[in-house]
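S.K.: Okay, here's the structure, questions in a sec.
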Amino acid sequence: MPGLVAPPAWPGENPSIAARQRNEKKAFTDSEIIEGFMKTAFGAEYHLAGRVDRIRKYDSPIRVFADGTRADRKAQLGKIVGDIAAKVQHLDIAMTESSEIANVRVKLVRDRDLYRTITTFYGSERAKEIRSSLDPQCLSGFRKNDNFEIEHSDVILTVDNGDFVFFDCAYEELLQSLGPINDTSSVPWTMFNDNVSMGYFDVYDQYILNLLYDPRIKAGMTVQDVKAVLPDVLADVRAWVKKVNNLPE
């Protein structure tokens with residue numbers, strides 16, 4: 001019928017993403033999960049200041065504001081945030097229409113405006129460093145307080161590089177903006193590996209985010225602090241991830 005607009009695409013409708021989901025590895029040993037968590041939750045791929053040897057996470061509800069003009073991308077972002085909320089047990093995250101109350105701001109830009117936007121956010125010198133060291137298609141960063149609690153995150157996504165790039169970037173950058181900001185090339189199952197493209201919220205990264213947002217893992221914890229509680233936390237996280245993904249025994 002004339003006047004009808006097709007709904008925005010969803011990851012499972014994208015052939016490239018659907019193929020990845022069909023072939024996804026879903027069974028992991030404790031050591032495989034712990035390795036990925038420790039490598040992404042500590043450290044930082046690119047950091048400007050401050051210590052990176054502590055757990056960083058939000059300790060408050062997370063409200064996401066989409067800043068841009070593309071209604072289809074805003075709708076897709078809303079679905080992505082809803083998907084993350086459904087799969088991370090102790091994470092209170094939702095979209096908001098108010099930029100004032102948002103603590104995660106997602107800037108939706110055209111590809112040709114990406115570096116101009118990065119320069120606006122970070123200044124020209126830092127933008128040059130980011131461009132030369134990362135050459136990103138998208139970017140995220142956060143500001144934390146002295147207790148390593150994240151107070152505000154900025155995510156920059158391009159809207160005109162196709163659905164796959166949008167989904168891949170949106171999931172990775174949104175999730176990294178919540179704490180696990182260190183990319184690692186040594187863990188092949190995580191989207192936080194620059195050599196890996198997903199386009200959806202895979203089981204392995206659900207383990208990482210559920211570990212990070214378990215109440216027993218607190219902002220400011222050291223590696224030793226985390227290791228002391230991780231066995232009990234992982235047992236509970238395994239049960240949750242199994243339930244929400246209908247994983248076999």
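By order of appearance in the structure tokens: chains A, B, ..., then residues from 1 within every chain, and ligands from 1 in the order shown.
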Skip A:Asp160 itself and residues of its chain fewer than 2 positions away, then list as a JSON list (two decimals) with N, CA and C atoms, in the first residue's frame all residues within 7 Å of it, counting only C-alpha atoms.

M.R.:
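What ended up in out-v1.json:
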```json
[["chain", "number", "residue", "atom", "x", "y", "z"],
["A", 110, "ARG", "N", 27.06, 10.81, 9.56],
["A", 110, "ARG", "CA", 27.46, 10.28, 8.27],
["A", 110, "ARG", "C", 28.95, 9.95, 8.32],
["A", 111, "ASP", "N", 29.36, 8.99, 7.52],
["A", 111, "ASP", "CA", 30.76, 8.57, 7.52],
["A", 111, "ASP", "C", 31.69, 9.74, 7.24],
["A", 158, "THR", "N", 28.49, 5.55, 12.65],
["A", 158, "THR", "CA", 28.16, 6.02, 11.31],
["A", 158, "THR", "C", 26.87, 5.33, 10.85],
["A", 162, "GLY", "N", 25.89, 0.84, 5.75],
["A", 162, "GLY", "CA", 25.16, -0.42, 5.62],
["A", 162, "GLY", "C", 24.75, -0.99, 6.96]]
```

S.K.: Could you work out how far atom CA of A:Thr96 lies from atom CA of A:Phe65, giving the answer in Å with one decimal?

M.R.: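 Distance reported for this atom pair: 5.4 Å.
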
S.K.: Restrict the calculation to only C-alpha atoms, then for each residue of stretch 98-201 of chain A with any atom at most 6 Å from an atom of stretch 210-226 of chain A give the closest atom pair and their distance in Å to one decimal, rows by chain and rising residue number, as a tab-separated table.

M.R.:
```
residue	atom	partner	partner_atom	distance
A:Asn147	CA	A:Gly220	CA	5.8
A:Phe148	CA	A:Gly220	CA	5.1
A:Glu149	CA	A:Ala219	CA	5.5
```

S.K.: Using only C-alpha atoms, what table do you get, as JSON lines, when you list each residue of stretch 158-194 of chain A with an atom no more than 12 Å from stretch 17-31 of chain A, its nearest pair of atoms, and their distance in Å rounded to one decimal, rows by chain then rising number?

M.R.:
```
{"residue": "A:Asp163", "atom": "CA", "partner": "A:Ile17", "partner_atom": "CA", "distance": 9.8}
{"residue": "A:Phe164", "atom": "CA", "partner": "A:Ile17", "partner_atom": "CA", "distance": 7.2}
{"residue": "A:Val165", "atom": "CA", "partner": "A:Ile17", "partner_atom": "CA", "distance": 10.3}
{"residue": "A:Phe166", "atom": "CA", "partner": "A:Ile17", "partner_atom": "CA", "distance": 11.6}
{"residue": "A:Phe167", "atom": "CA", "partner": "A:Ile17", "partner_atom": "CA", "distance": 9.1}
{"residue": "A:Asp168", "atom": "CA", "partner": "A:Ile17", "partner_atom": "CA", "distance": 9.0}
{"residue": "A:Val187", "atom": "CA", "partner": "A:Ser31", "partner_atom": "CA", "distance": 11.6}
{"residue": "A:Pro188", "atom": "CA", "partner": "A:Lys25", "partner_atom": "CA", "distance": 10.4}
{"residue": "A:Trp189", "atom": "CA", "partner": "A:Lys25", "partner_atom": "CA", "distance": 7.7}
{"residue": "A:Thr190", "atom": "CA", "partner": "A:Lys25", "partner_atom": "CA", "distance": 10.6}
```

S.K.: For the selection just defined, write its residues with C-alpha atoms to a file, as an mmCIF file, in the first residue's frame.

M.R.:
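Wrote part-v4.cif, looks like this:
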```cif
data_model
loop_
_atom_site.group_PDB
_atom_site.id
_atom_site.type_symbol
_atom_site.label_atom_id
_atom_site.label_comp_id
_atom_site.auth_asym_id
_atom_site.auth_seq_id
_atom_site.Cartn_x
_atom_site.Cartn_y
_atom_site.Cartn_z
ATOM 1 C CA ASP A 163 23.242 -2.482 8.159
ATOM 2 C CA PHE A 164 26.050 -4.915 8.985
ATOM 3 C CA VAL A 165 28.543 -2.191 9.906
ATOM 4 C CA PHE A 166 25.882 -0.353 11.906
ATOM 5 C CA PHE A 167 24.881 -3.412 13.938
ATOM 6 C CA ASP A 168 28.486 -4.523 14.421
ATOM 7 C CA VAL A 187 40.634 -14.039 22.298
ATOM 8 C CA PRO A 188 38.964 -15.211 19.060
ATOM 9 C CA TRP A 189 35.343 -15.365 20.317
ATOM 10 C CA THR A 190 34.792 -11.788 21.452
#
```

S.K.: Distance atom CA of A:Leu175-atom CA of A:Leu209, one decimal place?

M.R.: 7.8 Å

S.K.: Would you mind telling me which residue in A:Ala94, A:Ile34, A:Ser186, A:Cys169 lies nearest to A:Lys79 when using only C-alpha atoms?

M.R.: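 Closest to A:Lys79 of all the choices is A:Ala94.
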
S.K.: Check which residues of stretch 150-206 of chain A sit at most 12 Å from stretch 227-241 of chain A using only C-alpha atoms, and return one row each with the closest pair of atoms and their distance in Å to one decimal, ordered by chain and rising number, as CSV.

M.R.:
```
residue,atom,partner,partner_atom,distance
A:Phe201,CA,A:Val241,CA,11.8
A:Asp202,CA,A:Val241,CA,10.6
A:Val203,CA,A:Val241,CA,7.4
A:Tyr204,CA,A:Val241,CA,9.3
A:Asp205,CA,A:Val241,CA,10.2
A:Gln206,CA,A:Val241,CA,7.0
```

S.K.: Write out as a ChimeraX atom specification all residues of stretch 25-248 of chain A that backbone DSSP assigns to strand (DSSP E or B).

M.R.: /A:57,62-67,93-95,104-109,139-144,149-158

S.K.: Please report the interatomic distance between atom CA of A:Arg70 and atom CA of A:Gly199 in Å with one decimal.

M.R.: 19.1 Å

S.K.: With distances taken over only C-alpha atoms, which of A:Asp113, A:Glu125, A:Glu249, A:Asp83 is nearest to A:Ala170?

M.R.: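 Looking at the shortest contact to A:Ala170, the residue is A:Asp83.
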
S.K.: Contacts of stretch 37-43 of chain A at 6 Å or less, counting only C-alpha atoms, minus same-chain residues fewer than 3 places along, as a list in words?

M.R.: Ile34, Val52, Asp53, Pro180, Asn182 and Ile208 of chain A

S.K.: Residues of the last selection are to be written out with C-alpha atoms, as a PDB file, in the first residue's frame.

M.R.:
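File written: again_25.pdb
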```
ATOM      1  CA  ILE A  34      37.687 -15.870  32.546  1.00  0.00           C
ATOM      2  CA  VAL A  52      43.334   1.119  33.786  1.00  0.00           C
ATOM      3  CA  ASP A  53      44.130  -1.681  36.266  1.00  0.00           C
ATOM      4  CA  PRO A 180      34.987  -3.702  28.941  1.00  0.00           C
ATOM      5  CA  ASN A 182      40.065  -3.073  26.195  1.00  0.00           C
ATOM      6  CA  ILE A 208      31.693 -11.025  29.835  1.00  0.00           C
TER       7      ILE A 208
END
```

S.K.: Which of these, A:Asp194, A:Glu172, A:Glu35, A:Asp154, has the shortest distance to A:Val81 once you count only C-alpha atoms?

M.R.: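 Going through A:Asp194, A:Glu172, A:Glu35, A:Asp154 one by one, the smallest distance to A:Val81 is for A:Glu172.
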
S.K.: Using backbone DSSP assignments, extract all alpha helix (DSSP H) residues from stretch 16-115 of chain A; output them as a PyMOL selection string.

M.R.: chain A and resi 16-22+30-41+71-87+114-115
